[in-house]
>>> print(open('upload_33.cif').read())   # mmCIF, C-alpha atoms; chains and numbers go by the auth columns
data_protein
#
loop_
_atom_site.group_PDB
_atom_site.id
_atom_site.type_symbol
_atom_site.label_atom_id
_atom_site.label_comp_id
_atom_site.label_asym_id
_atom_site.label_seq_id
_atom_site.Cartn_x
_atom_site.Cartn_y
_atom_site.Cartn_z
_atom_site.B_iso_or_equiv
_atom_site.auth_seq_id
_atom_site.auth_asym_id
ATOM 1 C CA TYR A 1 8.954 5.657 -16.464 0.00 32 A
ATOM 2 C CA ASP A 2 9.423 8.934 -18.267 0.00 33 A
ATOM 3 C CA ALA A 3 7.484 12.163 -18.150 0.00 34 A
ATOM 4 C CA ILE A 4 3.693 12.021 -18.353 0.00 35 A
ATOM 5 C CA GLY A 5 3.574 14.893 -20.819 0.00 36 A
ATOM 6 C CA GLY A 6 3.089 18.616 -20.950 0.00 37 A
ATOM 7 C CA ASP A 7 5.645 20.985 -19.540 0.00 38 A
ATOM 8 C CA THR A 8 5.893 19.105 -16.256 0.00 39 A
ATOM 9 C CA VAL A 9 8.485 16.414 -15.830 0.00 40 A
ATOM 10 C CA ALA A 10 7.212 13.724 -13.490 0.00 41 A
ATOM 11 C CA PHE A 11 8.142 10.122 -13.074 0.00 42 A
ATOM 12 C CA VAL A 12 5.244 7.788 -12.461 0.00 43 A
ATOM 13 C CA GLY A 13 4.511 4.095 -12.390 0.00 44 A
ATOM 14 C CA PRO A 14 2.395 2.142 -14.839 0.00 45 A
ATOM 15 C CA SER A 15 -0.972 2.423 -13.053 0.00 46 A
ATOM 16 C CA THR A 16 -0.646 6.160 -12.503 0.00 47 A
ATOM 17 C CA ARG A 17 0.539 6.647 -16.083 0.00 48 A
ATOM 18 C CA ARG A 18 -2.558 4.889 -17.462 0.00 49 A
ATOM 19 C CA ALA A 19 -4.878 6.751 -15.089 0.00 50 A
ATOM 20 C CA VAL A 20 -3.412 10.162 -15.908 0.00 51 A
ATOM 21 C CA ALA A 21 -3.888 9.503 -19.621 0.00 52 A
ATOM 22 C CA ARG A 22 -7.520 8.576 -18.952 0.00 53 A
ATOM 23 C CA ILE A 23 -8.026 11.661 -16.767 0.00 54 A
ATOM 24 C CA ARG A 24 -6.558 13.900 -19.467 0.00 55 A
ATOM 25 C CA ALA A 25 -8.965 12.317 -21.950 0.00 56 A
ATOM 26 C CA GLY A 26 -11.866 13.355 -19.704 0.00 57 A
ATOM 27 C CA GLY A 27 -12.451 10.016 -18.017 0.00 58 A
ATOM 28 C CA ASP A 28 -14.658 9.508 -14.980 0.00 59 A
ATOM 29 C CA LEU A 29 -12.435 9.541 -11.874 0.00 60 A
ATOM 30 C CA ASN A 30 -14.218 6.438 -10.594 0.00 61 A
ATOM 31 C CA ALA A 31 -13.125 4.573 -13.731 0.00 62 A
ATOM 32 C CA THR A 32 -9.685 5.996 -14.514 0.00 63 A
ATOM 33 C CA GLY A 33 -7.971 3.869 -11.872 0.00 64 A
ATOM 34 C CA LEU A 34 -9.598 0.566 -12.775 0.00 65 A
ATOM 35 C CA GLY A 35 -6.831 -1.987 -13.108 0.00 66 A
ATOM 36 C CA GLY A 36 -4.412 0.019 -10.941 0.00 67 A
ATOM 37 C CA ASP A 37 -2.700 -2.704 -8.949 0.00 68 A
ATOM 38 C CA THR A 38 0.771 -1.272 -8.367 0.00 69 A
ATOM 39 C CA ASN A 39 2.189 0.554 -5.347 0.00 70 A
ATOM 40 C CA GLY A 40 1.823 4.206 -6.422 0.00 71 A
ATOM 41 C CA ALA A 41 -1.165 5.021 -4.238 0.00 72 A
ATOM 42 C CA ALA A 42 0.613 3.558 -1.213 0.00 73 A
ATOM 43 C CA MET A 43 3.712 5.610 -1.969 0.00 74 A
ATOM 44 C CA ARG A 44 1.902 8.921 -1.686 0.00 75 A
ATOM 45 C CA VAL A 45 -0.446 8.485 1.305 0.00 76 A
ATOM 46 C CA SER A 46 1.758 8.881 4.359 0.00 77 A
ATOM 47 C CA VAL A 47 0.516 12.464 4.685 0.00 78 A
ATOM 48 C CA ILE A 48 -3.024 11.140 5.131 0.00 79 A
ATOM 49 C CA GLY A 49 -1.812 9.201 8.157 0.00 80 A
ATOM 50 C CA LEU A 50 -0.311 12.432 9.497 0.00 81 A
ATOM 51 C CA LEU A 51 -3.714 14.106 9.189 0.00 82 A
ATOM 52 C CA HIS A 52 -5.337 11.426 11.371 0.00 83 A
ATOM 53 C CA PRO A 53 -3.019 10.845 14.354 0.00 84 A
ATOM 54 C CA ASN A 54 -3.941 7.527 16.008 0.00 85 A
ATOM 55 C CA ASP A 55 -7.234 7.317 14.056 0.00 86 A
ATOM 56 C CA VAL A 56 -6.511 4.242 11.959 0.00 87 A
ATOM 57 C CA PRO A 57 -10.012 3.816 10.483 0.00 88 A
ATOM 58 C CA ALA A 58 -10.206 7.446 9.320 0.00 89 A
ATOM 59 C CA ALA A 59 -6.726 7.292 7.809 0.00 90 A
ATOM 60 C CA ALA A 60 -7.573 4.016 6.076 0.00 91 A
ATOM 61 C CA ARG A 61 -10.829 5.327 4.594 0.00 92 A
ATOM 62 C CA ASP A 62 -9.291 8.578 3.359 0.00 93 A
ATOM 63 C CA ALA A 63 -6.284 6.772 1.887 0.00 94 A
ATOM 64 C CA ALA A 64 -8.480 4.248 0.080 0.00 95 A
ATOM 65 C CA GLU A 65 -10.626 7.044 -1.332 0.00 96 A
ATOM 66 C CA SER A 66 -7.520 8.940 -2.464 0.00 97 A
ATOM 67 C CA ALA A 67 -6.402 5.855 -4.395 0.00 98 A
ATOM 68 C CA ILE A 68 -9.545 5.600 -6.529 0.00 99 A
ATOM 69 C CA PRO A 69 -8.534 7.898 -9.430 0.00 100 A
ATOM 70 C CA THR A 70 -5.332 5.939 -10.080 0.00 101 A
ATOM 71 C CA HIS A 71 -5.542 2.609 -8.216 0.00 102 A
ATOM 72 C CA ASN A 72 -9.242 1.742 -8.038 0.00 103 A
ATOM 73 C CA THR A 73 -8.788 -1.909 -7.115 0.00 104 A
ATOM 74 C CA ARG A 74 -9.106 -3.664 -3.792 0.00 105 A
ATOM 75 C CA VAL A 75 -5.358 -4.292 -3.684 0.00 106 A
ATOM 76 C CA GLY A 76 -4.541 -0.687 -4.607 0.00 107 A
ATOM 77 C CA CYS A 77 -6.906 0.744 -2.003 0.00 108 A
ATOM 78 C CA ALA A 78 -5.857 -1.775 0.651 0.00 109 A
ATOM 79 C CA SER A 79 -2.161 -1.065 0.198 0.00 110 A
ATOM 80 C CA ALA A 80 -2.696 2.701 0.414 0.00 111 A
ATOM 81 C CA ALA A 81 -4.874 2.259 3.506 0.00 112 A
ATOM 82 C CA ALA A 82 -2.247 0.044 5.163 0.00 113 A
ATOM 83 C CA VAL A 83 0.456 2.685 4.873 0.00 114 A
ATOM 84 C CA ALA A 84 -1.737 5.568 6.031 0.00 115 A
ATOM 85 C CA GLY A 85 -3.127 3.535 8.921 0.00 116 A
ATOM 86 C CA ALA A 86 0.344 2.553 10.091 0.00 117 A
ATOM 87 C CA VAL A 87 1.529 6.165 9.937 0.00 118 A
ATOM 88 C CA ALA A 88 -1.548 7.291 11.893 0.00 119 A
ATOM 89 C CA ARG A 89 -0.849 4.699 14.600 0.00 120 A
ATOM 90 C CA ALA A 90 2.840 5.614 14.711 0.00 121 A
ATOM 91 C CA LEU A 91 1.818 9.085 15.912 0.00 122 A
ATOM 92 C CA ALA A 92 0.253 7.702 19.102 0.00 123 A
ATOM 93 C CA PRO A 93 2.351 8.263 22.234 0.00 124 A
ATOM 94 C CA ASP A 94 2.189 4.559 23.102 0.00 125 A
ATOM 95 C CA ALA A 95 2.929 3.266 19.594 0.00 126 A
ATOM 96 C CA ASP A 96 5.346 0.393 19.248 0.00 127 A
ATOM 97 C CA LEU A 97 6.428 -1.768 16.339 0.00 128 A
ATOM 98 C CA ARG A 98 3.729 -4.408 16.813 0.00 129 A
ATOM 99 C CA SER A 99 0.917 -1.883 17.173 0.00 130 A
ATOM 100 C CA ILE A 100 2.048 -0.040 14.034 0.00 131 A
ATOM 101 C CA ILE A 101 2.115 -3.239 11.991 0.00 132 A
ATOM 102 C CA SER A 102 -1.232 -4.330 13.459 0.00 133 A
ATOM 103 C CA ALA A 103 -2.661 -0.966 12.440 0.00 134 A
ATOM 104 C CA GLY A 104 -1.399 -1.570 8.907 0.00 135 A
ATOM 105 C CA VAL A 105 -3.222 -4.904 8.829 0.00 136 A
ATOM 106 C CA GLU A 106 -6.421 -3.369 10.249 0.00 137 A
ATOM 107 C CA ALA A 107 -6.252 -0.512 7.759 0.00 138 A
ATOM 108 C CA ALA A 108 -5.637 -2.874 4.827 0.00 139 A
ATOM 109 C CA GLU A 109 -8.772 -4.786 5.796 0.00 140 A
ATOM 110 C CA ILE A 110 -10.722 -1.512 5.720 0.00 141 A
ATOM 111 C CA GLY A 111 -9.125 -0.556 2.401 0.00 142 A
ATOM 112 C CA GLU A 112 -10.156 -3.860 0.838 0.00 143 A
ATOM 113 C CA THR A 113 -13.778 -2.747 1.104 0.00 144 A
ATOM 114 C CA PHE A 114 -12.980 -0.045 -1.461 0.00 145 A
ATOM 115 C CA GLY A 115 -12.019 -0.467 -5.087 0.00 146 A
ATOM 116 C CA SER A 116 -13.032 -2.856 -7.787 0.00 147 A
ATOM 117 C CA THR A 117 -12.596 -6.591 -7.583 0.00 148 A
ATOM 118 C CA TRP A 118 -9.115 -7.521 -8.692 0.00 149 A
ATOM 119 C CA LEU A 119 -7.247 -10.757 -8.761 0.00 150 A
ATOM 120 C CA GLY A 120 -4.475 -10.475 -6.261 0.00 151 A
ATOM 121 C CA ALA A 121 -3.408 -11.704 -2.872 0.00 152 A
ATOM 122 C CA CYS A 122 -4.901 -10.197 0.275 0.00 153 A
ATOM 123 C CA VAL A 123 -2.700 -7.283 1.345 0.00 154 A
ATOM 124 C CA ALA A 124 -3.566 -7.669 5.048 0.00 155 A
ATOM 125 C CA MET A 125 -2.676 -11.359 5.097 0.00 156 A
ATOM 126 C CA ARG A 126 0.564 -10.739 3.198 0.00 157 A
ATOM 127 C CA ILE A 127 1.568 -8.047 5.725 0.00 158 A
ATOM 128 C CA GLU A 128 1.032 -10.625 8.471 0.00 159 A
ATOM 129 C CA LEU A 129 3.084 -13.184 6.539 0.00 160 A
ATOM 130 C CA ALA A 130 5.899 -10.687 5.965 0.00 161 A
ATOM 131 C CA GLY A 131 5.903 -9.875 9.688 0.00 162 A
ATOM 132 C CA SER A 132 6.069 -13.559 10.490 0.00 163 A
ATOM 133 C CA LEU A 133 9.031 -14.025 8.163 0.00 164 A
ATOM 134 C CA ALA A 134 10.781 -11.025 9.715 0.00 165 A
ATOM 135 C CA ARG A 135 10.270 -12.370 13.248 0.00 166 A
ATOM 136 C CA ASP A 136 11.344 -15.912 12.380 0.00 167 A
ATOM 137 C CA ASP A 137 13.856 -17.075 14.985 0.00 168 A
ATOM 138 C CA HIS A 138 15.712 -19.188 12.442 0.00 169 A
ATOM 139 C CA GLY A 139 18.497 -17.640 10.451 0.00 170 A
ATOM 140 C CA SER A 140 20.277 -14.349 10.255 0.00 171 A
ATOM 141 C CA ASP A 141 18.847 -10.957 9.357 0.00 172 A
ATOM 142 C CA SER A 142 20.024 -11.616 5.832 0.00 173 A
ATOM 143 C CA ASP A 143 18.183 -14.958 5.757 0.00 174 A
ATOM 144 C CA ARG A 144 14.964 -13.300 6.926 0.00 175 A
ATOM 145 C CA LEU A 145 15.268 -10.534 4.319 0.00 176 A
ATOM 146 C CA GLN A 146 15.892 -13.162 1.659 0.00 177 A
ATOM 147 C CA ALA A 147 12.749 -15.009 2.773 0.00 178 A
ATOM 148 C CA ILE A 148 10.708 -11.802 2.404 0.00 179 A
ATOM 149 C CA PHE A 149 12.163 -11.310 -1.072 0.00 180 A
ATOM 150 C CA ASP A 150 11.534 -14.936 -2.071 0.00 181 A
ATOM 151 C CA LEU A 151 8.082 -15.448 -0.549 0.00 182 A
ATOM 152 C CA ILE A 152 6.490 -11.984 -0.569 0.00 183 A
ATOM 153 C CA GLY A 153 8.282 -10.401 -3.520 0.00 184 A
ATOM 154 C CA THR A 154 9.409 -6.861 -4.130 0.00 185 A
ATOM 155 C CA SER A 155 7.966 -5.893 -7.513 0.00 186 A
ATOM 156 C CA LEU A 156 5.801 -2.849 -8.216 0.00 187 A
ATOM 157 C CA ALA A 157 2.717 -4.942 -7.422 0.00 188 A
ATOM 158 C CA ALA A 158 0.872 -3.534 -4.413 0.00 189 A
ATOM 159 C CA THR A 159 0.455 -7.042 -3.016 0.00 190 A
ATOM 160 C CA GLU A 160 4.242 -7.439 -2.943 0.00 191 A
ATOM 161 C CA ALA A 161 5.826 -4.028 -2.359 0.00 192 A
ATOM 162 C CA VAL A 162 3.693 -2.908 0.586 0.00 193 A
ATOM 163 C CA PRO A 163 3.786 -6.183 2.569 0.00 194 A
ATOM 164 C CA ALA A 164 7.548 -6.470 1.906 0.00 195 A
ATOM 165 C CA ALA A 165 8.043 -2.926 3.228 0.00 196 A
ATOM 166 C CA PHE A 166 6.154 -3.852 6.404 0.00 197 A
ATOM 167 C CA GLY A 167 8.310 -6.957 6.779 0.00 198 A
ATOM 168 C CA VAL A 168 11.504 -4.955 6.416 0.00 199 A
ATOM 169 C CA PHE A 169 10.170 -2.354 8.863 0.00 200 A
#
>>> encode(input="upload_33.cif", output="structure tokens")
Amino acid sequence: YDAIGGDTVAFVGPSTRRAVARIRAGGDLNATGLGGDTNGAAMRVSVIGLLHPNDVPAAARDAAESAIPTHNTRVGCASAAAVAGAVARALAPDADLRSIISAGVEAAEIGETFGSTWLGACVAMRIELAGSLARDDHGSDSDRLQAIFDLIGTSLAATEAVPAAFGVF
């Protein structure tokens, strides 16, 4: 997507673009992100995980709250929470791959308590499915990546992009 206007050149996705237009028009920040179901909030929250080393619930709550102005849906908040929670867990001295992914699932479940009702698959369950596809003992790495692409998807939708990223991770 092209610039959002003004003198600043910034490239943003569709949910953020709509929200920024609403914010510029003076919209209520609790309403500007309604309908935001893409992955933009998840893309910008890793720093929140860094602020909460090994505190998955705090990272999840702060990430979900940060999503509200642009991605105020359960899937938007859950996907942002999943990323921040996983980053927070990754900072623990005893972190391993399974604990990081489990933290993403836990955080997504917390994030789903934020945001407006939105039709979309459960982010936490799709992260678990993507992990299952990645661990599948049948087939090559390429076959497992293809399964993530085919069954999870890799579009801008938060319910696809974030779980697919966890599966690839």
>>> closest_residue(input="upload_33.cif", among="A:Gly57, A:Phe197, A:Ser97, A:Asp181", to="Val118 of chain A", atoms="only C-alpha atoms")
A:Phe197
>>> closest_residue(input="upload_33.cif", among="A:Val154, A:Gly198, A:Ala111, A:Thr190", to="Arg175 of chain A", atoms="all atoms listed in the file")
A:Gly198
>>> residues_around(input="upload_33.cif", residues="segment 80-87 of chain A", least_positions_apart="4", cutoff="8 Å", atoms="all atoms listed in the file", output="list of chain:residue names")
A:Val76, A:Ala91, A:Val114, A:Ala115, A:Gly116, A:Ala117, A:Val118, A:Ala119, A:Arg120, A:Ala121, A:Leu122, A:Ala123, A:Ala134, A:Glu137, A:Ala138
>>> residues_around(input="upload_33.cif", residues="Ala109 of chain A", least_positions_apart="2", cutoff="6 Å", atoms="all atoms listed in the file", output="ChimeraX atom specification")
/A:105-107,111-112,139,142-143
>>> residues_around(input="upload_33.cif", residues="Leu160 of chain A", least_positions_apart="5", cutoff="10 Å", atoms="all atoms listed in the file", output="ChimeraX atom specification")
/A:154-155,165-166,179,182-183,194-195,197-198
>>> residues_around(input="upload_33.cif", residues="Asp167 of chain A", least_positions_apart="4", cutoff="12 Å", atoms="all atoms listed in the file", output="list in words")
Leu160, Ala161, Gly162, Ser163, Ser171, Asp172, Ser173, Asp174, Arg175, Leu176, Gln177, Ala178, Ile179 and Gly198 of chain A
>>> write_last_selection(input="upload_33.cif", atoms="C-alpha atoms", output="CSV table (one decimal), keeping the file's coordinate frame")
chain,number,residue,atom,x,y,z
A,160,LEU,CA,3.1,-13.2,6.5
A,161,ALA,CA,5.9,-10.7,6.0
A,162,GLY,CA,5.9,-9.9,9.7
A,163,SER,CA,6.1,-13.6,10.5
A,171,SER,CA,20.3,-14.3,10.3
A,172,ASP,CA,18.8,-11.0,9.4
A,173,SER,CA,20.0,-11.6,5.8
A,174,ASP,CA,18.2,-15.0,5.8
A,175,ARG,CA,15.0,-13.3,6.9
A,176,LEU,CA,15.3,-10.5,4.3
A,177,GLN,CA,15.9,-13.2,1.7
A,178,ALA,CA,12.7,-15.0,2.8
A,179,ILE,CA,10.7,-11.8,2.4
A,198,GLY,CA,8.3,-7.0,6.8
>>> resolve_selection(input="upload_33.cif", expression="the PyMOL selection byres ((chain A and resi 72) around 12)", output="ChimeraX atom specification")
/A:43-47,50,64,67-71,73-79,93-115,142,187-189,192-193
>>> write_last_selection(input="upload_33.cif", atoms="C-alpha atoms", output="PDB file, in the coordinates of the input")
ATOM      1  CA  VAL A  43       5.244   7.788 -12.461  1.00  0.00           C
ATOM      2  CA  GLY A  44       4.511   4.095 -12.390  1.00  0.00           C
ATOM      3  CA  PRO A  45       2.395   2.142 -14.839  1.00  0.00           C
ATOM      4  CA  SER A  46      -0.972   2.423 -13.053  1.00  0.00           C
ATOM      5  CA  THR A  47      -0.646   6.160 -12.503  1.00  0.00           C
ATOM      6  CA  ALA A  50      -4.878   6.751 -15.089  1.00  0.00           C
ATOM      7  CA  GLY A  64      -7.971   3.869 -11.872  1.00  0.00           C
ATOM      8  CA  GLY A  67      -4.412   0.019 -10.941  1.00  0.00           C
ATOM      9  CA  ASP A  68      -2.700  -2.704  -8.949  1.00  0.00           C
ATOM     10  CA  THR A  69       0.771  -1.272  -8.367  1.00  0.00           C
ATOM     11  CA  ASN A  70       2.189   0.554  -5.347  1.00  0.00           C
ATOM     12  CA  GLY A  71       1.823   4.206  -6.422  1.00  0.00           C
ATOM     13  CA  ALA A  73       0.613   3.558  -1.213  1.00  0.00           C
ATOM     14  CA  MET A  74       3.712   5.610  -1.969  1.00  0.00           C
ATOM     15  CA  ARG A  75       1.902   8.921  -1.686  1.00  0.00           C
ATOM     16  CA  VAL A  76      -0.446   8.485   1.305  1.00  0.00           C
ATOM     17  CA  SER A  77       1.758   8.881   4.359  1.00  0.00           C
ATOM     18  CA  VAL A  78       0.516  12.464   4.685  1.00  0.00           C
ATOM     19  CA  ILE A  79      -3.024  11.140   5.131  1.00  0.00           C
ATOM     20  CA  ASP A  93      -9.291   8.578   3.359  1.00  0.00           C
ATOM     21  CA  ALA A  94      -6.284   6.772   1.887  1.00  0.00           C
ATOM     22  CA  ALA A  95      -8.480   4.248   0.080  1.00  0.00           C
ATOM     23  CA  GLU A  96     -10.626   7.044  -1.332  1.00  0.00           C
ATOM     24  CA  SER A  97      -7.520   8.940  -2.464  1.00  0.00           C
ATOM     25  CA  ALA A  98      -6.402   5.855  -4.395  1.00  0.00           C
ATOM     26  CA  ILE A  99      -9.545   5.600  -6.529  1.00  0.00           C
ATOM     27  CA  PRO A 100      -8.534   7.898  -9.430  1.00  0.00           C
ATOM     28  CA  THR A 101      -5.332   5.939 -10.080  1.00  0.00           C
ATOM     29  CA  HIS A 102      -5.542   2.609  -8.216  1.00  0.00           C
ATOM     30  CA  ASN A 103      -9.242   1.742  -8.038  1.00  0.00           C
ATOM     31  CA  THR A 104      -8.788  -1.909  -7.115  1.00  0.00           C
ATOM     32  CA  ARG A 105      -9.106  -3.664  -3.792  1.00  0.00           C
ATOM     33  CA  VAL A 106      -5.358  -4.292  -3.684  1.00  0.00           C
ATOM     34  CA  GLY A 107      -4.541  -0.687  -4.607  1.00  0.00           C
ATOM     35  CA  CYS A 108      -6.906   0.744  -2.003  1.00  0.00           C
ATOM     36  CA  ALA A 109      -5.857  -1.775   0.651  1.00  0.00           C
ATOM     37  CA  SER A 110      -2.161  -1.065   0.198  1.00  0.00           C
ATOM     38  CA  ALA A 111      -2.696   2.701   0.414  1.00  0.00           C
ATOM     39  CA  ALA A 112      -4.874   2.259   3.506  1.00  0.00           C
ATOM     40  CA  ALA A 113      -2.247   0.044   5.163  1.00  0.00           C
ATOM     41  CA  VAL A 114       0.456   2.685   4.873  1.00  0.00           C
ATOM     42  CA  ALA A 115      -1.737   5.568   6.031  1.00  0.00           C
ATOM     43  CA  GLY A 142      -9.125  -0.556   2.401  1.00  0.00           C
ATOM     44  CA  LEU A 187       5.801  -2.849  -8.216  1.00  0.00           C
ATOM     45  CA  ALA A 188       2.717  -4.942  -7.422  1.00  0.00           C
ATOM     46  CA  ALA A 189       0.872  -3.534  -4.413  1.00  0.00           C
ATOM     47  CA  ALA A 192       5.826  -4.028  -2.359  1.00  0.00           C
ATOM     48  CA  VAL A 193       3.693  -2.908   0.586  1.00  0.00           C
TER      49      VAL A 193
END
>>> closest_residue(input="upload_33.cif", among="A:Trp149, A:Ile141, A:Asp127, A:Ile132", to="Gly66 of chain A", atoms="only C-alpha atoms")
A:Trp149
>>> atom_distance(input="upload_33.cif", atom1="atom CA of Pro88 of chain A", atom2="atom CA of Val51 of chain A")
27.9 Å
>>> closest_residue(input="upload_33.cif", among="A:Leu164, A:Leu65, A:Ile158, A:Asp59", to="Gly135 of chain A", atoms="only C-alpha atoms")
A:Ile158
>>> atom_distance(input="upload_33.cif", atom1="atom CA of Ala90 of chain A", atom2="atom CA of Val199 of chain A")
22.0 Å
>>> atom_distance(input="upload_33.cif", atom1="atom CA of Cys153 of chain A", atom2="atom CA of Ser133 of chain A")
14.9 Å
>>> closest_residue(input="upload_33.cif", among="A:Arg53, A:Ser186, A:Glu191, A:Leu60", to="Ala152 of chain A", atoms="only C-alpha atoms")
A:Glu191
>>> decode(input="upload_33.cif", residues="segment 175-183 of chain A", atoms="all heavy atoms", output="tab-separated table (two decimals), in the first residue's frame")
chain	number	residue	atom	x	y	z
A	175	ARG	N	6.29	-30.19	4.67
A	175	ARG	CA	5.69	-29.60	5.86
A	175	ARG	C	5.40	-28.12	5.65
A	175	ARG	O	4.35	-27.62	6.05
A	175	ARG	CB	6.58	-29.84	7.08
A	175	ARG	CG	6.61	-31.33	7.46
A	175	ARG	CD	7.25	-31.57	8.81
A	175	ARG	NE	8.61	-31.11	8.93
A	175	ARG	CZ	9.69	-31.79	8.58
A	175	ARG	NH1	9.58	-32.99	8.09
A	175	ARG	NH2	10.89	-31.29	8.75
A	176	LEU	N	6.30	-27.41	4.99
A	176	LEU	CA	6.05	-25.99	4.68
A	176	LEU	C	4.86	-25.85	3.73
A	176	LEU	O	4.03	-24.95	3.88
A	176	LEU	CB	7.30	-25.34	4.06
A	176	LEU	CG	8.46	-25.10	5.01
A	176	LEU	CD1	9.69	-24.64	4.24
A	176	LEU	CD2	8.07	-24.08	6.08
A	177	GLN	N	4.77	-26.76	2.77
A	177	GLN	CA	3.64	-26.72	1.84
A	177	GLN	C	2.33	-26.97	2.59
A	177	GLN	O	1.31	-26.33	2.30
A	177	GLN	CB	3.81	-27.75	0.72
A	177	GLN	CG	2.77	-27.63	-0.38
A	177	GLN	CD	2.90	-26.32	-1.14
A	177	GLN	OE1	3.99	-25.94	-1.56
A	177	GLN	NE2	1.79	-25.63	-1.31
A	178	ALA	N	2.35	-27.86	3.57
A	178	ALA	CA	1.14	-28.13	4.36
A	178	ALA	C	0.72	-26.89	5.14
A	178	ALA	O	-0.47	-26.58	5.23
A	178	ALA	CB	1.38	-29.32	5.30
A	179	ILE	N	1.69	-26.17	5.71
A	179	ILE	CA	1.37	-24.92	6.41
A	179	ILE	C	0.75	-23.93	5.44
A	179	ILE	O	-0.28	-23.31	5.74
A	179	ILE	CB	2.63	-24.33	7.10
A	179	ILE	CG1	3.04	-25.23	8.27
A	179	ILE	CG2	2.38	-22.90	7.57
A	179	ILE	CD1	4.39	-24.91	8.86
A	180	PHE	N	1.33	-23.79	4.27
A	180	PHE	CA	0.79	-22.89	3.25
A	180	PHE	C	-0.63	-23.30	2.86
A	180	PHE	O	-1.53	-22.47	2.78
A	180	PHE	CB	1.71	-22.88	2.03
A	180	PHE	CG	1.20	-22.05	0.89
A	180	PHE	CD1	1.36	-20.69	0.89
A	180	PHE	CD2	0.54	-22.65	-0.17
A	180	PHE	CE1	0.88	-19.91	-0.15
A	180	PHE	CE2	0.06	-21.89	-1.22
A	180	PHE	CZ	0.22	-20.51	-1.21
A	181	ASP	N	-0.84	-24.59	2.62
A	181	ASP	CA	-2.13	-25.08	2.14
A	181	ASP	C	-3.21	-25.07	3.20
A	181	ASP	O	-4.37	-24.77	2.91
A	181	ASP	CB	-1.99	-26.50	1.59
A	181	ASP	CG	-1.19	-26.58	0.31
A	181	ASP	OD1	-1.03	-25.54	-0.38
A	181	ASP	OD2	-0.69	-27.69	-0.01
A	182	LEU	N	-2.86	-25.40	4.44
A	182	LEU	CA	-3.88	-25.58	5.48
A	182	LEU	C	-4.04	-24.39	6.42
A	182	LEU	O	-5.12	-24.18	6.96
A	182	LEU	CB	-3.59	-26.85	6.29
A	182	LEU	CG	-3.61	-28.14	5.47
A	182	LEU	CD1	-3.11	-29.31	6.30
A	182	LEU	CD2	-5.01	-28.41	4.94
A	183	ILE	N	-2.98	-23.64	6.63
A	183	ILE	CA	-3.04	-22.46	7.50
A	183	ILE	C	-3.23	-21.21	6.65
A	183	ILE	O	-4.04	-20.36	6.96
A	183	ILE	CB	-1.76	-22.32	8.36
A	183	ILE	CG1	-1.55	-23.56	9.24
A	183	ILE	CG2	-1.80	-21.05	9.20
A	183	ILE	CD1	-2.64	-23.81	10.27
